[in-house]
2 protein chains.
Amino acid sequence: MNTHPTTPDDVVTEPMCGSKVPTTVLVIGAGAVGGFYGAALARAGAQVTTLHRSDFDHVRQHGIRIDGLERQEIFHPHRVINRLEELPSPPDFLLVSLKALPDPPVAEIIRPAVGKQTVIILLQNGLDIEEPVQQAFPDHEIIAGLAFVCLQKIAPGHIRHLCHGKITLGRHPSGTSPKVRQLADLFTAAGLPCQITDTPARARWIKLVWNAAFNPTSVLAGDLTTEAILSLPEGERLVREIMLEVIEVAAANGHQLPKALIETHLEATRSIPPYHTSMALDHLAGRAMEIDAILGAAVRAAHRVERSAPLLEGLLALMRLLEGKKIGKSE
Amino acid sequence: MNTHPTTPDDVVTEPMCGSKVPTTVLVIGAGAVGGFYGAALARAGAQVTTLHRSDFDHVRQHGIRIDGLERQEIFHPHRVINRLEELPSPPDFLLVSLKALPDPPVAEIIRPAVGKQTVIILLQNGLDIEEPVQQAFPDHEIIAGLAFVCLQKIAPGHIRHLCHGKITLGRHPSGTSPKVRQLADLFTAAGLPCQITDTPARARWIKLVWNAAFNPTSVLAGDLTTEAILSLPEGERLVREIMLEVIEVAAANGHQLPKALIETHLEATRSIPPYHTSMALDHLAGRAMEIDAILGAAVRAAHRVERSAPLLEGLLALMRLLEGKKIGKSE
């Protein structure tokens, strides 16, 4: 854990010469994504605290188990907390890996943990999610994070890592910063491929192209895996058409993405084992789905530039109907 | 039953003066629709035979029970058969009310029952379904039938009639005929509103506008009722957008439908009790759905005139994926 052994004799105050005060990280939303990337930062020497609600007791006792591609890891956070008020001091980095739901606003959730120097990392799905947080904390640095990884939380404090793990980081709204590089160095030291982007908003669109195509399709077609979707010609065609529509909406919003991105995404999807999207897993488990962060955001972006997006609008309507059914409004 | 009582003495051959040899009708596909309209023709004096597979024993013993809007009726067909070969002679009218599935072709199913004079009525969903039957029986009169009715088959030989009952009839490919009028007179005599159309192909499009909007939406959104779909603004908007797309495809195929049809269909839908579409009922029961007859036909019509129909194509893909899942290909 990169801390120096101390003994009772070792009381002479000495500069921690060359050695570092460990970087402190608080993970809010330590589910599959937060647990996995939090563990990576701890491996790289950061002092990682995790906040848990329902899994609190389990994680405090047993840590977070990650069944990885090659090995199993138990991640024991430096501190496991149940309420933000238990935090003794604000972290250097606050990693937000909450599911991207409209309410409550992220800024409200994280406020008690944001210190003067805290850098906020939004490792979440969606578009334009940085701006409301930036407005709530106008003097703080905000880093957009995008995870390209297949994870499943299969039990309390128990994550399965299926493939990939790349993370893309970029300072909001653009450019880079020493903090971005520091964070990237930590992920790299932990063995995760990490890319720094000058244009995080564009990176969000690239991820949305995949999410908007596979997430709702997987749910509406009966909680299918990515492989099952692509196994029918109609499924692949639908995925391509949705991706194309997102690319057109992105272009109309000033983010030119190459059409070859469709092939890249499809090839990457074919290269992984049959995968249940996060939306399908949420649907199967009866949990809230990231409908607004994925489809709502895309449709709003289309309407902002007065475009229609028939497929995205149709999928959004179907998903909202499905969601409405679950909350018992309409059967 | 409009037959003359005969006694052994009554042997003098006399013209059946003024009185009628009853019209004979064979119903193939005597589920909810066939049972309901077959019963109507019998009430009007026709001699109605029904063909059954799984319900054969039940219907032969108990008839077909119809729980109607105002009363309960037990319809005892003149003859209940299990195989077409049991039919002593071809019927005057052969009423096909099978679910509209691609295989086997209707012409093959009905061939053993088609006599020289038999008029074939296709009381089914879909577009362009008359032409393959006309080609198989080039000298026969074919009547397109469209039922506007809410029915549910709730048990073997047991139908619930929820609302409406109007039937539209038209000679294929256009115009009218004495047989169409004869049939219309029977339905009218049975108390069902019956409309004769010169343009049955257009009438099929009008019905498809409703079917394409409500049937797949009801299934994909979690087997919702019509009321549940319309209870969310997104649901109503989606229904309108699909209807508009069908109207545009119809126009490109030479069938101008007024846009006001959308309002007509929505008002009619709001005026009925919460209704499970036939596709949702089929889905819930794990039965084959009329995906091809409803969405496949619309998409083919769009492609025939080199148009895209993004919503219809998207819905078709999702339904095919869902169907593919059921037959176990893709999970």
# chains A, B, ... in the order shown; residues from 1 in each chain; ligands from 1
$ select_by_dssp --residues "stretch 100-204 of chain A" --states "strand (DSSP E)" --output "compact mmCIF listing (two decimals) with C-alpha atoms, in the first residue's frame"
# COMPACT_ATOMS: atom_id res chain seq x y z
CA VAL A 119 -11.21 17.48 -8.15
CA ILE A 120 -14.48 15.90 -9.25
CA ILE A 121 -14.41 13.01 -11.71
CA LEU A 122 -17.69 12.10 -13.38
CA LEU A 123 -17.31 8.49 -14.49
CA ILE A 142 -14.12 18.67 -13.22
CA ILE A 143 -12.83 15.66 -15.11
CA ALA A 144 -15.01 13.67 -17.48
CA GLY A 145 -14.35 9.96 -17.29
CA LEU A 146 -15.49 7.27 -19.69
CA ALA A 147 -15.11 3.62 -18.87
CA PHE A 148 -14.87 1.06 -21.66
CA VAL A 149 -15.27 -2.06 -19.66
CA CYS A 150 -17.60 -5.01 -19.17
CA LEU A 151 -18.47 -5.49 -15.53
CA GLN A 152 -21.26 -7.11 -13.60
CA LYS A 153 -22.02 -6.74 -9.96
CA ILE A 154 -23.19 -10.23 -9.09
CA ALA A 155 -23.66 -9.88 -5.33
CA HIS A 158 -18.80 -8.86 -5.57
CA ILE A 159 -17.90 -7.78 -9.09
CA ARG A 160 -17.22 -9.84 -12.15
CA HIS A 161 -14.80 -8.26 -14.62
CA LEU A 162 -15.57 -9.72 -18.04
CA CYS A 163 -13.40 -7.74 -20.40
CA HIS A 164 -11.60 -4.53 -21.21
CA GLY A 165 -11.01 -1.80 -18.69
CA LYS A 166 -9.84 1.18 -20.68
CA ILE A 167 -10.65 4.57 -19.27
CA THR A 168 -10.70 7.89 -21.08
CA LEU A 169 -10.19 11.08 -19.10
CA GLY A 170 -10.55 14.70 -20.11
CA ARG A 171 -10.78 18.01 -18.34
CA CYS A 194 -5.80 5.14 -19.96
CA GLN A 195 -6.32 7.73 -22.64
CA ILE A 196 -6.37 11.48 -22.16
$ interface_residues --of "chain B" --to "chain A" --cutoff "12 Å" --atoms "only C-alpha atoms" --output "PyMOL selection string"
chain B and resi 213-214+216-242+244-245+274-276+283+296+308-326+328-331
$ residues_around --residues "stretch 54-56 of chain B" --least-positions-apart "5" --cutoff "8 Å" --atoms "only C-alpha atoms" --output "VMD selection string"
chain B and resid 80 to 82 156 to 157
$ write_last_selection --atoms "all heavy atoms" --output "short mmCIF file (atom, residue, chain, number, x, y, z; two decimals), in the first residue's frame"
data_model
loop_
_atom_site.label_atom_id
_atom_site.label_comp_id
_atom_site.auth_asym_id
_atom_site.auth_seq_id
_atom_site.Cartn_x
_atom_site.Cartn_y
_atom_site.Cartn_z
N VAL B 80 -69.17 -29.64 -37.15
CA VAL B 80 -67.85 -29.32 -36.59
C VAL B 80 -66.88 -30.36 -37.15
O VAL B 80 -67.11 -31.57 -36.98
CB VAL B 80 -67.86 -29.37 -35.05
CG1 VAL B 80 -66.47 -29.11 -34.49
CG2 VAL B 80 -68.87 -28.36 -34.49
N ILE B 81 -65.85 -29.92 -37.83
CA ILE B 81 -64.93 -30.89 -38.45
C ILE B 81 -63.51 -30.68 -37.94
O ILE B 81 -63.16 -29.62 -37.42
CB ILE B 81 -64.98 -30.84 -39.99
CG1 ILE B 81 -64.55 -29.45 -40.50
CG2 ILE B 81 -66.37 -31.21 -40.52
CD1 ILE B 81 -64.43 -29.38 -42.02
N ASN B 82 -62.77 -31.74 -38.12
CA ASN B 82 -61.39 -31.77 -37.63
C ASN B 82 -60.42 -31.74 -38.80
O ASN B 82 -59.27 -31.30 -38.68
CB ASN B 82 -61.20 -33.08 -36.84
CG ASN B 82 -59.95 -33.08 -36.00
OD1 ASN B 82 -59.38 -32.02 -35.72
ND2 ASN B 82 -59.51 -34.25 -35.60
N PRO B 156 -60.82 -22.79 -24.70
CA PRO B 156 -61.28 -23.52 -25.89
C PRO B 156 -62.77 -23.26 -26.12
O PRO B 156 -63.57 -23.39 -25.19
CB PRO B 156 -61.01 -24.98 -25.54
CG PRO B 156 -59.90 -24.94 -24.56
CD PRO B 156 -60.12 -23.69 -23.76
N GLY B 157 -63.12 -22.86 -27.34
CA GLY B 157 -64.52 -22.64 -27.66
C GLY B 157 -65.18 -21.57 -26.82
O GLY B 157 -66.40 -21.58 -26.61
#
$ closest_residue --among "B:Gly45, B:Pro200, B:Pro77, B:Pro273" --to "B:Arg60" --atoms "only C-alpha atoms"
B:Pro77
$ select_by_dssp --residues "stretch 4-141 of chain A" --states "alpha helix (DSSP H)" --output "PyMOL selection string"
chain A and resi 32-43+56-62+106-110+130-136
$ write_last_selection --atoms "N, CA and C atoms" --output "PDB file, in the first residue's frame"
ATOM      1  N   ALA A  32     -20.284  -1.730  -9.552  1.00  0.00           N
ATOM      2  CA  ALA A  32     -19.333  -2.435 -10.406  1.00  0.00           C
ATOM      3  C   ALA A  32     -18.244  -1.491 -10.907  1.00  0.00           C
ATOM      4  N   VAL A  33     -18.652  -0.364 -11.488  1.00  0.00           N
ATOM      5  CA  VAL A  33     -17.672   0.555 -12.091  1.00  0.00           C
ATOM      6  C   VAL A  33     -16.817   1.206 -11.009  1.00  0.00           C
ATOM      7  N   GLY A  34     -17.457   1.738  -9.989  1.00  0.00           N
ATOM      8  CA  GLY A  34     -16.718   2.415  -8.926  1.00  0.00           C
ATOM      9  C   GLY A  34     -15.817   1.469  -8.157  1.00  0.00           C
ATOM     10  N   GLY A  35     -16.297   0.265  -7.916  1.00  0.00           N
ATOM     11  CA  GLY A  35     -15.478  -0.723  -7.210  1.00  0.00           C
ATOM     12  C   GLY A  35     -14.255  -1.101  -8.017  1.00  0.00           C
ATOM     13  N   PHE A  36     -14.462  -1.306  -9.313  1.00  0.00           N
ATOM     14  CA  PHE A  36     -13.367  -1.738 -10.182  1.00  0.00           C
ATOM     15  C   PHE A  36     -12.299  -0.654 -10.319  1.00  0.00           C
ATOM     16  N   TYR A  37     -12.728   0.582 -10.617  1.00  0.00           N
ATOM     17  CA  TYR A  37     -11.739   1.649 -10.814  1.00  0.00           C
ATOM     18  C   TYR A  37     -11.181   2.150  -9.482  1.00  0.00           C
ATOM     19  N   GLY A  38     -11.990   2.064  -8.425  1.00  0.00           N
ATOM     20  CA  GLY A  38     -11.471   2.396  -7.097  1.00  0.00           C
ATOM     21  C   GLY A  38     -10.359   1.437  -6.704  1.00  0.00           C
ATOM     22  N   ALA A  39     -10.566   0.153  -6.972  1.00  0.00           N
ATOM     23  CA  ALA A  39      -9.541  -0.852  -6.665  1.00  0.00           C
ATOM     24  C   ALA A  39      -8.261  -0.566  -7.449  1.00  0.00           C
ATOM     25  N   ALA A  40      -8.443  -0.123  -8.714  1.00  0.00           N
ATOM     26  CA  ALA A  40      -7.264   0.181  -9.540  1.00  0.00           C
ATOM     27  C   ALA A  40      -6.464   1.325  -8.920  1.00  0.00           C
ATOM     28  N   LEU A  41      -7.160   2.359  -8.501  1.00  0.00           N
ATOM     29  CA  LEU A  41      -6.463   3.506  -7.911  1.00  0.00           C
ATOM     30  C   LEU A  41      -5.753   3.104  -6.621  1.00  0.00           C
ATOM     31  N   ALA A  42      -6.356   2.207  -5.845  1.00  0.00           N
ATOM     32  CA  ALA A  42      -5.721   1.730  -4.616  1.00  0.00           C
ATOM     33  C   ALA A  42      -4.466   0.917  -4.943  1.00  0.00           C
ATOM     34  N   ARG A  43      -4.571   0.089  -5.982  1.00  0.00           N
ATOM     35  CA  ARG A  43      -3.384  -0.676  -6.410  1.00  0.00           C
ATOM     36  C   ARG A  43      -2.234   0.249  -6.762  1.00  0.00           C
ATOM     37  N   PHE A  56     -22.906  -1.628   2.658  1.00  0.00           N
ATOM     38  CA  PHE A  56     -21.956  -1.098   3.636  1.00  0.00           C
ATOM     39  C   PHE A  56     -21.399  -2.180   4.574  1.00  0.00           C
ATOM     40  N   ASP A  57     -22.284  -2.901   5.243  1.00  0.00           N
ATOM     41  CA  ASP A  57     -21.809  -3.895   6.218  1.00  0.00           C
ATOM     42  C   ASP A  57     -20.949  -4.962   5.551  1.00  0.00           C
ATOM     43  N   HIS A  58     -21.419  -5.407   4.386  1.00  0.00           N
ATOM     44  CA  HIS A  58     -20.687  -6.470   3.698  1.00  0.00           C
ATOM     45  C   HIS A  58     -19.282  -6.007   3.309  1.00  0.00           C
ATOM     46  N   VAL A  59     -19.193  -4.824   2.721  1.00  0.00           N
ATOM     47  CA  VAL A  59     -17.892  -4.354   2.234  1.00  0.00           C
ATOM     48  C   VAL A  59     -16.969  -4.031   3.408  1.00  0.00           C
ATOM     49  N   ARG A  60     -17.526  -3.484   4.497  1.00  0.00           N
ATOM     50  CA  ARG A  60     -16.664  -3.178   5.646  1.00  0.00           C
ATOM     51  C   ARG A  60     -16.038  -4.456   6.186  1.00  0.00           C
ATOM     52  N   GLN A  61     -16.792  -5.528   6.172  1.00  0.00           N
ATOM     53  CA  GLN A  61     -16.270  -6.792   6.704  1.00  0.00           C
ATOM     54  C   GLN A  61     -15.389  -7.539   5.714  1.00  0.00           C
ATOM     55  N   HIS A  62     -15.841  -7.574   4.462  1.00  0.00           N
ATOM     56  CA  HIS A  62     -15.194  -8.481   3.505  1.00  0.00           C
ATOM     57  C   HIS A  62     -14.446  -7.782   2.374  1.00  0.00           C
ATOM     58  N   VAL A 106     -26.483  15.186  -9.093  1.00  0.00           N
ATOM     59  CA  VAL A 106     -25.174  14.756  -8.586  1.00  0.00           C
ATOM     60  C   VAL A 106     -24.571  15.813  -7.659  1.00  0.00           C
ATOM     61  N   ALA A 107     -24.706  17.088  -8.021  1.00  0.00           N
ATOM     62  CA  ALA A 107     -24.093  18.153  -7.213  1.00  0.00           C
ATOM     63  C   ALA A 107     -24.599  18.097  -5.773  1.00  0.00           C
ATOM     64  N   GLU A 108     -25.896  17.790  -5.607  1.00  0.00           N
ATOM     65  CA  GLU A 108     -26.462  17.723  -4.253  1.00  0.00           C
ATOM     66  C   GLU A 108     -25.907  16.529  -3.491  1.00  0.00           C
ATOM     67  N   ILE A 109     -25.767  15.416  -4.215  1.00  0.00           N
ATOM     68  CA  ILE A 109     -25.283  14.197  -3.552  1.00  0.00           C
ATOM     69  C   ILE A 109     -23.858  14.386  -3.031  1.00  0.00           C
ATOM     70  N   ILE A 110     -23.017  15.010  -3.845  1.00  0.00           N
ATOM     71  CA  ILE A 110     -21.585  15.032  -3.513  1.00  0.00           C
ATOM     72  C   ILE A 110     -21.193  16.218  -2.634  1.00  0.00           C
ATOM     73  N   GLU A 130     -21.459  17.247 -17.078  1.00  0.00           N
ATOM     74  CA  GLU A 130     -20.486  18.021 -16.302  1.00  0.00           C
ATOM     75  C   GLU A 130     -21.002  19.415 -15.960  1.00  0.00           C
ATOM     76  N   GLU A 131     -21.757  19.997 -16.890  1.00  0.00           N
ATOM     77  CA  GLU A 131     -22.098  21.410 -16.745  1.00  0.00           C
ATOM     78  C   GLU A 131     -22.884  21.718 -15.470  1.00  0.00           C
ATOM     79  N   PRO A 132     -23.913  20.926 -15.131  1.00  0.00           N
ATOM     80  CA  PRO A 132     -24.628  21.237 -13.874  1.00  0.00           C
ATOM     81  C   PRO A 132     -23.708  21.146 -12.655  1.00  0.00           C
ATOM     82  N   VAL A 133     -22.756  20.232 -12.680  1.00  0.00           N
ATOM     83  CA  VAL A 133     -21.839  20.094 -11.540  1.00  0.00           C
ATOM     84  C   VAL A 133     -20.863  21.275 -11.524  1.00  0.00           C
ATOM     85  N   GLN A 134     -20.408  21.659 -12.712  1.00  0.00           N
ATOM     86  CA  GLN A 134     -19.513  22.813 -12.793  1.00  0.00           C
ATOM     87  C   GLN A 134     -20.207  24.073 -12.282  1.00  0.00           C
ATOM     88  N   GLN A 135     -21.487  24.204 -12.611  1.00  0.00           N
ATOM     89  CA  GLN A 135     -22.218  25.386 -12.146  1.00  0.00           C
ATOM     90  C   GLN A 135     -22.374  25.379 -10.632  1.00  0.00           C
ATOM     91  N   ALA A 136     -22.542  24.192 -10.065  1.00  0.00           N
ATOM     92  CA  ALA A 136     -22.660  24.103  -8.607  1.00  0.00           C
ATOM     93  C   ALA A 136     -21.315  24.349  -7.925  1.00  0.00           C
TER      94      ALA A 136
END
$ atom_distance --atom1 "atom CA of A:Phe93" --atom2 "atom CA of A:His140"
11.0 Å
$ closest_residue --among "B:Ala44, B:Val249, B:Ala201, B:Val21" --to "B:Arg304" --atoms "only C-alpha atoms"
B:Val249
$ residues_around --residues "stretch 253-269 of chain B" --least-positions-apart "4" --cutoff "7 Å" --atoms "only C-alpha atoms" --output "list in words"
Arg202, Trp210, Arg240, Met243, Ile247, Val249 and Val305 of chain B
$ closest_residue --among "B:Ala252, B:Val299, B:Pro138, B:Ile294" --to "B:Ser278" --atoms "only C-alpha atoms"
B:Ile294
$ atom_distance --atom1 "atom CA of B:Ala302" --atom2 "atom CA of B:Ala250"
8.1 Å
$ residues_around --residues "B:Gly115" --least-positions-apart "6" --cutoff "9 Å" --atoms "only C-alpha atoms" --output "JSON, numbers by chain"
{"B": [89, 90, 91, 92]}
